[in-house]
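A short write-up of the structure that comes next.
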Amino acid sequence: MDFELSQDHKVLRDSVREFVEKEIKPIAMKIDEEHMIPDSLVNKMAEMGFLGSYLPEEYDGAGLDMLSYAIVVEEVSKACGSSGVLISAHTSLACGPIYTFGTEAQKKKWLPALNTGKVIGCFLLTEPDAGSDAGAISTTYRREGDEYVINGSKIFITNGGYRGTGVLFATSDKSLKHRGVSAFIIDLNSSGVEILKNEKKLGIRGSYTTAFALDSVRIPAENLLGQEGQGFKIAMDTLNGGRIGIASQALGIAEGAFERALAYSKERKQFDHPICDLQAVQFKLADMYTRIETSKLMTYKAACLKDAKKNYTAESAMCKMLASEAATYVTKEAIQIHGGYGFICDYEVERMFRDAKITEIYEGTNEVQRVVISKILLS
Amino acid sequence: MKILVCIKQVPDMESRFRPNGDKTWYDESDLAFRMNEYDEYAVEQAVQLKEQLGGEPEITVLSIGPERTVEAIKKALAMGGDRAVHIRDDRYYQKDPWQIASMIASYAKGESFDLIFTGMQSQDRGSAQVGVIVAELLGLSCATTLVGFSYDGGTVTVKRELEGGIKGVAKLKLPALVTCQLGLNTPRYPTLPNIMKAKKKEIAALTPAELSGEAELTATAAIYPPAKKGGGLVLEGEIGAQVDRLMGILKEKTAVLR
């Protein structure tokens with residue numbers, strides 16, 4: 001058992017870290033304040049290959065593995081959780097299912113533009129009345145000749161505001177519950193697709209969270225992803241992989257806050273000593289670091305299992321749960337170590353605290369993760 | 001055209017440095033490593049030249065050091081190097097610049113490189129000797145501390161940084177060796193697709209025994225942290241008198257007021 005990153009993964013990590021230090025860290029505060037990731041940064045991340053890291057080279061991906069992807073999302077999220085989730089939702093939730101369930105023709109048509117970041121991907125599952133109960137969606141589809149006609153609404157769509165390529169879920173008959181759900185690839189510039197709003201949020205403010213109305217949207221029949229009725233399975237499988245991305249995002253947020261808290265504890269003097277001389281602070285640092293390292297081990301393990309094509313369902317649920325709870329814990333303690341300064345925007349840990357919370361909620365709430373894990377234990 | 005870029009993996013300068021047990025090098029257990037900053041300018045300039053010439057030149061990256069050195073080599077390959085030579089030497093830190101340069105020259109002699117790029121110096125040892133000794137051993141024209149580089153029809157024109165902010169321009173015939181300084185260029189980030197491509201590039205492994213070895217000319221006797229000094233000089237008293245004292249010190253001990 002070897003817990004060291006390979007030389008190739010170290011080269012990757014160092015390269016991504018260098019990019020993040022120079023290109024993302026200096027503007028992370030601005031991204032939060034302006035509720036917007038500048039297009040120039042999206043383009044730079046695309047040029048770096050961040051938007052197709054684990055997709056094969058034949059579809060213009062970088063051809064790396066899941067562990068590389070986890071490292072990319074982690075390193076980016078250390079500086080900016082909004083940019084981290086842009087990559088995660090795009091790669092895991094749009095490129096991922098098209099690659100896994102798409103036909104060769106679909107992959108050739110949609111993946112190169114996604115993998116090179118020419119268009120940004122998103123995943124349209126959640127609806128006002130269907131969150132954790134994803135089988136209860138009520139957006140409908142019906143076949144008309146060579147087209148499917150979609151009607152309904154979607155909310156909380158990460159990256160939706162880019163109007164790129166979406167993987168959309170709709171039902172042929174709501175009474176069939178999850179068995180009636182099918183998945184489609186949709187160009188969000190299609191007529192009938194209307195953005196109702198981009199939400200204002202507690203955290204990850206640079207990331208779009210979009211509500212859509214779908215009014216008789218016609219999409220070609222060839223855009224059906226997988227078989228009719230297979231949609232629920234596609235959604236669950238996709239979220240399973242996506243949890244590794246969110247765990248990596250949460251891990252990065254926690255590490256970013258920890259780095260700042262550790263440095264601050266050495267600089268800040270009270271009672272004539274740096275506050276890191278106080279055991280009250282030392283214990284906090286030890287607890288924070290332990291949670292980070294535990295989350296990292298599980299996240300990397302889940303990624304390695306996926307790379308090895310082994311079952312990783314429990315591990316992806318566990319790493320998402322562990323890392324997100326580490327993120328909320330570590331960011332909260334990072335503020336506490338900073339004292340009053342931590343509450344001030346300039347010290348950035350307050351942003352990380354706000355960014356962390358969502359990781360306990362999206363890609364399956366942590367309550368859903370516990371259901372997933374216990375189901376496996378008891379099956 | 002055949003290009004050689006010599007790089008070194010050095011400790012990250014933000015690491016905590018402590019002398020090792022026998023006080024001849026750093027204790028490496030606490031150190032993180034990265035490519036020597038000046039060597040990044042060397043790699044970047046070589047890749048820019050390759051691009052200028054439509055991809056024709058072949059860039060070989062060479063580095064001497066232990067197993068971990070491969071990380072720096074892979075970065076150089078991901079930046080655009082074509083192939084690499086790793087001279088695997090776990091005792092690299094005991095060799096003086098003469099020995100290191102001799103090993104490089106011994107390898108390069110049979111390869112007839114047209115142009116060799118190195119960093120101006122390493123960030124850890126900082127001798128700034130290896131490049132110029134290699135040039136001397138191979139009989140190459142040589143220019144150091146480049147802040148500008150251009151190539152046209154067999155002639156290299158370089159801009160050099162001289163003392164006092166003065167720049168100098170020199171022209172060199174090939175074959176030549178140049179050493180690169182901060183300000184020459186902005187090294188590119190290795191992109192993910194290029195990191196992937198670098199995995200497939202050849203890294204030939206050599207041992208010092210396969211190269212003609214020279215005896216050392218300069219042996220490191222000891223390295224040590226400087227003795228801790230007192231906490232600086234604190235000026236006190238009436239403000240006008242403080243200013244006068246400060247002016248006096250600046251005039252006497254520094255160049256800022258000359």
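Labels for the structure tokens follow display order: chains A, B, ..., residues from 1 in each chain, ligands from 1.
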Write out as a list in words the residues lying within 9 Å of A:Gly49, counting only C-alpha atoms and excluding same-chain residues fewer than 4 positions away.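 Listing them by chain and then by number gives Lys44, Met45, Ser53, Gly61, Ala62, Asn115, Thr116 and Gly117 of chain A; Thr191, Leu192, Pro193 and Asn194 of chain B.
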Grab the residues selected above and save them as a compact mmCIF listing (two decimals), in the first residue's frame with N, CA and C atoms.
```txt
# COMPACT_ATOMS: atom_id res chain seq x y z
N LYS A 44 -8.78 30.63 -19.67
CA LYS A 44 -7.46 30.16 -19.25
C LYS A 44 -7.56 28.75 -18.67
N MET A 45 -8.59 28.49 -17.89
CA MET A 45 -8.75 27.14 -17.33
C MET A 45 -9.00 26.13 -18.44
N SER A 53 -10.24 17.04 -18.05
CA SER A 53 -9.04 16.38 -17.51
C SER A 53 -9.03 14.87 -17.71
N GLY A 61 -10.06 15.52 -24.82
CA GLY A 61 -9.80 15.63 -23.38
C GLY A 61 -8.30 15.55 -23.15
N ALA A 62 -7.90 15.71 -21.86
CA ALA A 62 -6.46 15.65 -21.57
C ALA A 62 -5.99 14.20 -21.45
N ASN A 115 -14.94 19.38 -23.69
CA ASN A 115 -13.63 19.09 -23.09
C ASN A 115 -12.63 20.22 -23.25
N THR A 116 -12.80 21.00 -24.31
CA THR A 116 -11.89 22.12 -24.53
C THR A 116 -12.48 23.43 -23.99
N GLY A 117 -13.64 23.32 -23.33
CA GLY A 117 -14.23 24.50 -22.69
C GLY A 117 -14.84 25.51 -23.66
N THR B 191 0.25 22.52 -19.54
CA THR B 191 -1.18 22.25 -19.55
C THR B 191 -1.42 20.75 -19.32
N LEU B 192 -2.65 20.42 -18.95
CA LEU B 192 -2.96 19.01 -18.69
C LEU B 192 -2.71 18.13 -19.91
N PRO B 193 -3.17 18.54 -21.11
CA PRO B 193 -2.89 17.70 -22.28
C PRO B 193 -1.38 17.51 -22.50
N ASN B 194 -0.59 18.56 -22.23
CA ASN B 194 0.85 18.43 -22.42
C ASN B 194 1.51 17.59 -21.33
```
Between chain A and chain B, at 9 Å or less, what are the per-residue closest atom pairs and their distances in Å? Count only C-alpha atoms, order by chain and rising residue number, and return it as a Markdown table.
```
| residue | atom | partner | partner_atom | distance |
| --- | --- | --- | --- | --- |
| A:Gln7 | CA | B:Glu71 | CA | 5.8 |
| A:Asp8 | CA | B:Glu71 | CA | 7.2 |
| A:Lys10 | CA | B:Glu71 | CA | 7.2 |
| A:Val11 | CA | B:Glu71 | CA | 5.8 |
| A:Leu12 | CA | B:Ile195 | CA | 6.9 |
| A:Asp14 | CA | B:Arg34 | CA | 8.4 |
| A:Ser15 | CA | B:Pro190 | CA | 6.1 |
| A:Val16 | CA | B:Tyr189 | CA | 8.2 |
| A:Glu18 | CA | B:Tyr189 | CA | 7.7 |
| A:Phe19 | CA | B:Tyr189 | CA | 6.7 |
| A:Glu47 | CA | B:Thr191 | CA | 7.2 |
| A:Met48 | CA | B:Thr191 | CA | 4.4 |
| A:Gly49 | CA | B:Leu192 | CA | 5.1 |
| A:Phe50 | CA | B:Leu192 | CA | 7.0 |
| A:Gly52 | CA | B:Leu192 | CA | 8.9 |
| A:Ser53 | CA | B:Leu192 | CA | 6.7 |
| A:Glu57 | CA | B:Pro193 | CA | 7.9 |
| A:Asp60 | CA | B:Pro193 | CA | 8.7 |
| A:Gly61 | CA | B:Pro193 | CA | 7.3 |
| A:Ala62 | CA | B:Pro193 | CA | 4.2 |
| A:Gly63 | CA | B:Met196 | CA | 6.5 |
| A:Leu64 | CA | B:Met196 | CA | 6.4 |
```
Would you pick out the contacts of stretch 138-146 of chain B at 7 Å or less, using only C-alpha atoms, so that residues sharing its chain but fewer than 4 positions from it are not included, and give the list as a list in words?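 Listed by chain and then number, they are Ala105, Lys109, Met120, Val132, Val134, Val158, Lys159, Arg160, Glu161, Leu172, Lys173, Pro175, Ala176, Leu177, Val178, Thr179, Cys180, Gln181 and Leu184 of chain B.
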Output C-alpha atoms for every residue in that selection, as an mmCIF file, in the first residue's frame.
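Saved to result.cif:
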```
data_model
loop_
_atom_site.group_PDB
_atom_site.id
_atom_site.type_symbol
_atom_site.label_atom_id
_atom_site.label_comp_id
_atom_site.auth_asym_id
_atom_site.auth_seq_id
_atom_site.Cartn_x
_atom_site.Cartn_y
_atom_site.Cartn_z
ATOM 1 C CA ALA B 105 30.153 18.064 -21.361
ATOM 2 C CA LYS B 109 30.379 16.018 -26.680
ATOM 3 C CA MET B 120 22.091 31.702 -14.951
ATOM 4 C CA VAL B 132 30.261 28.662 -18.565
ATOM 5 C CA VAL B 134 30.398 23.470 -20.115
ATOM 6 C CA VAL B 158 21.351 38.331 -26.884
ATOM 7 C CA LYS B 159 20.625 41.128 -24.500
ATOM 8 C CA ARG B 160 22.582 40.872 -21.268
ATOM 9 C CA GLU B 161 22.074 42.473 -17.934
ATOM 10 C CA LEU B 172 27.101 34.761 -31.094
ATOM 11 C CA LYS B 173 27.780 32.225 -33.830
ATOM 12 C CA PRO B 175 27.289 26.417 -31.633
ATOM 13 C CA ALA B 176 26.708 28.437 -28.493
ATOM 14 C CA LEU B 177 25.715 28.208 -24.860
ATOM 15 C CA VAL B 178 23.624 30.847 -23.115
ATOM 16 C CA THR B 179 22.590 31.244 -19.474
ATOM 17 C CA CYS B 180 19.185 32.733 -18.699
ATOM 18 C CA GLN B 181 18.204 35.410 -16.180
ATOM 19 C CA LEU B 184 14.047 36.909 -20.250
#
```
Please report, as a PDB file with C-alpha atoms, in the first residue's frame, each residue of stretch 57-154 of chain A to which DSSP assigns strand (DSSP E) when run on this structure's backbone.
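The resulting file, result03.pdb, is reproduced below:
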```pdb
ATOM      1  CA  GLY A 121     -21.743  21.863 -19.408  1.00  0.00           C
ATOM      2  CA  CYS A 122     -24.460  21.450 -16.818  1.00  0.00           C
ATOM      3  CA  PHE A 123     -26.830  18.853 -15.396  1.00  0.00           C
ATOM      4  CA  LEU A 124     -30.558  19.526 -15.328  1.00  0.00           C
ATOM      5  CA  THR A 140     -42.197  15.880 -19.370  1.00  0.00           C
ATOM      6  CA  TYR A 141     -41.129  14.699 -22.782  1.00  0.00           C
ATOM      7  CA  ARG A 142     -43.126  13.302 -25.652  1.00  0.00           C
ATOM      8  CA  ARG A 143     -42.023  12.023 -29.026  1.00  0.00           C
ATOM      9  CA  GLU A 144     -43.165  13.913 -32.117  1.00  0.00           C
ATOM     10  CA  GLU A 147     -38.019  15.082 -32.161  1.00  0.00           C
ATOM     11  CA  TYR A 148     -38.735  15.057 -28.477  1.00  0.00           C
ATOM     12  CA  VAL A 149     -40.774  17.911 -27.054  1.00  0.00           C
ATOM     13  CA  ILE A 150     -39.843  18.966 -23.512  1.00  0.00           C
ATOM     14  CA  ASN A 151     -42.011  20.941 -21.090  1.00  0.00           C
ATOM     15  CA  GLY A 152     -41.336  21.872 -17.484  1.00  0.00           C
ATOM     16  CA  SER A 153     -38.900  23.722 -15.271  1.00  0.00           C
ATOM     17  CA  LYS A 154     -35.538  23.133 -13.662  1.00  0.00           C
TER      18      LYS A 154
END
```
Report as a list in words all protein, DNA and RNA residues lying within 6 Å of stretch 321-335 of chain A, evaluated on only C-alpha atoms, omitting residues in the same chain fewer than 4 positions from it.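 Non-adjacent residues within range: Ala247, Ala250, Leu251, Ala254, Ala257, Ala261, Met288, Arg291, Ser295, Gly342, Phe353, Ala356, Lys357, Thr359, Glu360 and Asn366 of chain A.
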From the options B:Glu163, B:Glu136, B:Glu210, B:Asp124, which residue's atoms come nearest to B:Asn36, counting only C-alpha atoms? B:Asp124
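Of note, atom CA of A:Glu75 and atom CA of A:Arg260 are spaced 14.6 Å apart.
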Set the distance at 9 Å and use only C-alpha atoms: which residues neighbour B:Tyr26 once local chain neighbours fewer than 6 positions away are removed? I'd like the list as a list in words.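 Here the answer would be Phe17, Arg18, Pro19, Asn20 and Ile223 of chain B.
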From stretch 21-230 of chain A, collect each residue whose DSSP state is alpha helix (DSSP H) and return the set as a ChimeraX atom specification. /A:28-34,39-47,66-79,81-90,96-101,104-115
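Using only C-alpha atoms, the contacts of A:Lys107 at a cut-off of 12 Å, with sequence neighbours closer than 4 positions omitted, comprise Leu55, Pro56, Glu58, Tyr59, Asp60, Gly61, Ala94, Cys95, Gly96, Pro97, Ile98, Tyr99, Thr100, Phe101, Gly102, Thr103, Leu111, Pro112, Ala113, Leu114, Asn115, Ile185, Glu222, Asn223 and Leu225 of chain A.
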Generate a file of the selected residues that holds N, CA and C atoms, formatted as a PDB file, in the first residue's frame.
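And here is the file that came out, out_21.pdb:
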```
ATOM      1  N   LEU A  55     -11.192  13.006 -19.550  1.00  0.00           N
ATOM      2  CA  LEU A  55     -11.801  12.501 -20.783  1.00  0.00           C
ATOM      3  C   LEU A  55     -10.700  12.149 -21.786  1.00  0.00           C
ATOM      4  N   PRO A  56     -10.925  11.110 -22.599  1.00  0.00           N
ATOM      5  CA  PRO A  56      -9.854  10.643 -23.484  1.00  0.00           C
ATOM      6  C   PRO A  56      -9.413  11.676 -24.523  1.00  0.00           C
ATOM      7  N   GLU A  58      -8.936  11.256 -27.596  1.00  0.00           N
ATOM      8  CA  GLU A  58      -9.632  11.169 -28.884  1.00  0.00           C
ATOM      9  C   GLU A  58     -10.854  12.087 -28.939  1.00  0.00           C
ATOM     10  N   TYR A  59     -11.348  12.516 -27.774  1.00  0.00           N
ATOM     11  CA  TYR A  59     -12.446  13.494 -27.756  1.00  0.00           C
ATOM     12  C   TYR A  59     -11.930  14.853 -27.258  1.00  0.00           C
ATOM     13  N   ASP A  60     -10.633  15.106 -27.484  1.00  0.00           N
ATOM     14  CA  ASP A  60      -9.980  16.365 -27.093  1.00  0.00           C
ATOM     15  C   ASP A  60      -9.917  16.588 -25.586  1.00  0.00           C
ATOM     16  N   GLY A  61     -10.059  15.525 -24.821  1.00  0.00           N
ATOM     17  CA  GLY A  61      -9.800  15.634 -23.376  1.00  0.00           C
ATOM     18  C   GLY A  61      -8.304  15.551 -23.149  1.00  0.00           C
ATOM     19  N   ALA A  94     -21.634  16.748 -16.936  1.00  0.00           N
ATOM     20  CA  ALA A  94     -21.988  16.885 -18.356  1.00  0.00           C
ATOM     21  C   ALA A  94     -21.078  16.005 -19.225  1.00  0.00           C
ATOM     22  N   CYS A  95     -19.761  16.258 -19.157  1.00  0.00           N
ATOM     23  CA  CYS A  95     -18.843  15.412 -19.944  1.00  0.00           C
ATOM     24  C   CYS A  95     -18.979  13.948 -19.512  1.00  0.00           C
ATOM     25  N   GLY A  96     -19.066  13.740 -18.199  1.00  0.00           N
ATOM     26  CA  GLY A  96     -19.081  12.376 -17.648  1.00  0.00           C
ATOM     27  C   GLY A  96     -20.181  11.498 -18.230  1.00  0.00           C
ATOM     28  N   PRO A  97     -21.461  11.883 -18.060  1.00  0.00           N
ATOM     29  CA  PRO A  97     -22.535  11.009 -18.565  1.00  0.00           C
ATOM     30  C   PRO A  97     -22.547  10.883 -20.091  1.00  0.00           C
ATOM     31  N   ILE A  98     -22.153  11.941 -20.808  1.00  0.00           N
ATOM     32  CA  ILE A  98     -22.126  11.818 -22.275  1.00  0.00           C
ATOM     33  C   ILE A  98     -21.057  10.791 -22.669  1.00  0.00           C
ATOM     34  N   TYR A  99     -19.927  10.833 -21.966  1.00  0.00           N
ATOM     35  CA  TYR A  99     -18.869   9.853 -22.273  1.00  0.00           C
ATOM     36  C   TYR A  99     -19.304   8.432 -21.871  1.00  0.00           C
ATOM     37  N   THR A 100     -19.927   8.297 -20.709  1.00  0.00           N
ATOM     38  CA  THR A 100     -20.264   6.959 -20.211  1.00  0.00           C
ATOM     39  C   THR A 100     -21.454   6.350 -20.947  1.00  0.00           C
ATOM     40  N   PHE A 101     -22.462   7.150 -21.247  1.00  0.00           N
ATOM     41  CA  PHE A 101     -23.699   6.592 -21.789  1.00  0.00           C
ATOM     42  C   PHE A 101     -23.950   6.967 -23.245  1.00  0.00           C
ATOM     43  N   GLY A 102     -23.128   7.873 -23.794  1.00  0.00           N
ATOM     44  CA  GLY A 102     -23.378   8.335 -25.156  1.00  0.00           C
ATOM     45  C   GLY A 102     -22.981   7.316 -26.215  1.00  0.00           C
ATOM     46  N   THR A 103     -23.596   7.441 -27.392  1.00  0.00           N
ATOM     47  CA  THR A 103     -23.157   6.639 -28.548  1.00  0.00           C
ATOM     48  C   THR A 103     -21.880   7.279 -29.085  1.00  0.00           C
ATOM     49  N   LEU A 111     -18.571  16.035 -27.125  1.00  0.00           N
ATOM     50  CA  LEU A 111     -17.465  16.078 -26.158  1.00  0.00           C
ATOM     51  C   LEU A 111     -16.323  17.043 -26.518  1.00  0.00           C
ATOM     52  N   PRO A 112     -15.864  17.105 -27.775  1.00  0.00           N
ATOM     53  CA  PRO A 112     -14.718  17.992 -28.023  1.00  0.00           C
ATOM     54  C   PRO A 112     -14.966  19.441 -27.592  1.00  0.00           C
ATOM     55  N   ALA A 113     -16.129  19.965 -27.878  1.00  0.00           N
ATOM     56  CA  ALA A 113     -16.416  21.357 -27.490  1.00  0.00           C
ATOM     57  C   ALA A 113     -16.472  21.503 -25.968  1.00  0.00           C
ATOM     58  N   LEU A 114     -17.018  20.479 -25.298  1.00  0.00           N
ATOM     59  CA  LEU A 114     -17.076  20.523 -23.827  1.00  0.00           C
ATOM     60  C   LEU A 114     -15.678  20.378 -23.232  1.00  0.00           C
ATOM     61  N   ASN A 115     -14.937  19.385 -23.692  1.00  0.00           N
ATOM     62  CA  ASN A 115     -13.628  19.087 -23.091  1.00  0.00           C
ATOM     63  C   ASN A 115     -12.631  20.216 -23.254  1.00  0.00           C
ATOM     64  N   ILE A 185     -29.495  14.991 -24.248  1.00  0.00           N
ATOM     65  CA  ILE A 185     -28.473  16.040 -24.380  1.00  0.00           C
ATOM     66  C   ILE A 185     -29.172  17.251 -24.997  1.00  0.00           C
ATOM     67  N   GLU A 222     -32.112  12.023 -31.873  1.00  0.00           N
ATOM     68  CA  GLU A 222     -30.756  11.466 -31.690  1.00  0.00           C
ATOM     69  C   GLU A 222     -30.090  11.950 -30.409  1.00  0.00           C
ATOM     70  N   ASN A 223     -30.698  12.945 -29.723  1.00  0.00           N
ATOM     71  CA  ASN A 223     -30.108  13.449 -28.483  1.00  0.00           C
ATOM     72  C   ASN A 223     -30.518  12.659 -27.243  1.00  0.00           C
ATOM     73  N   LEU A 225     -30.107  10.221 -24.493  1.00  0.00           N
ATOM     74  CA  LEU A 225     -28.876   9.651 -23.932  1.00  0.00           C
ATOM     75  C   LEU A 225     -29.229   8.300 -23.296  1.00  0.00           C
TER      76      LEU A 225
END
```
Using only C-alpha atoms for the distances, tell me which of B:Lys229, B:Lys23, B:Lys167, B:Lys2 is nearest to B:Phe117.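 Going through B:Lys229, B:Lys23, B:Lys167, B:Lys2 one by one, the smallest distance to B:Phe117 is for B:Lys2.
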Enter the distance from atom CA of A:Gly364 to atom CA of A:Val119, in Å, rounded to one decimal.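 That distance, rounded to one decimal, is 25.3 Å.
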I'd like to know which of A:Tyr264, A:Gly131, A:Gly256, A:Ile157 is closest to A:Cys276, using only C-alpha atoms. A:Tyr264
Quick one: of A:Arg370, A:Lys108, A:Lys200, A:Lys174, who's nearest to A:Phe156, counting only C-alpha atoms?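 Counting only C-alpha atoms, the residue closest to A:Phe156 is A:Lys200.
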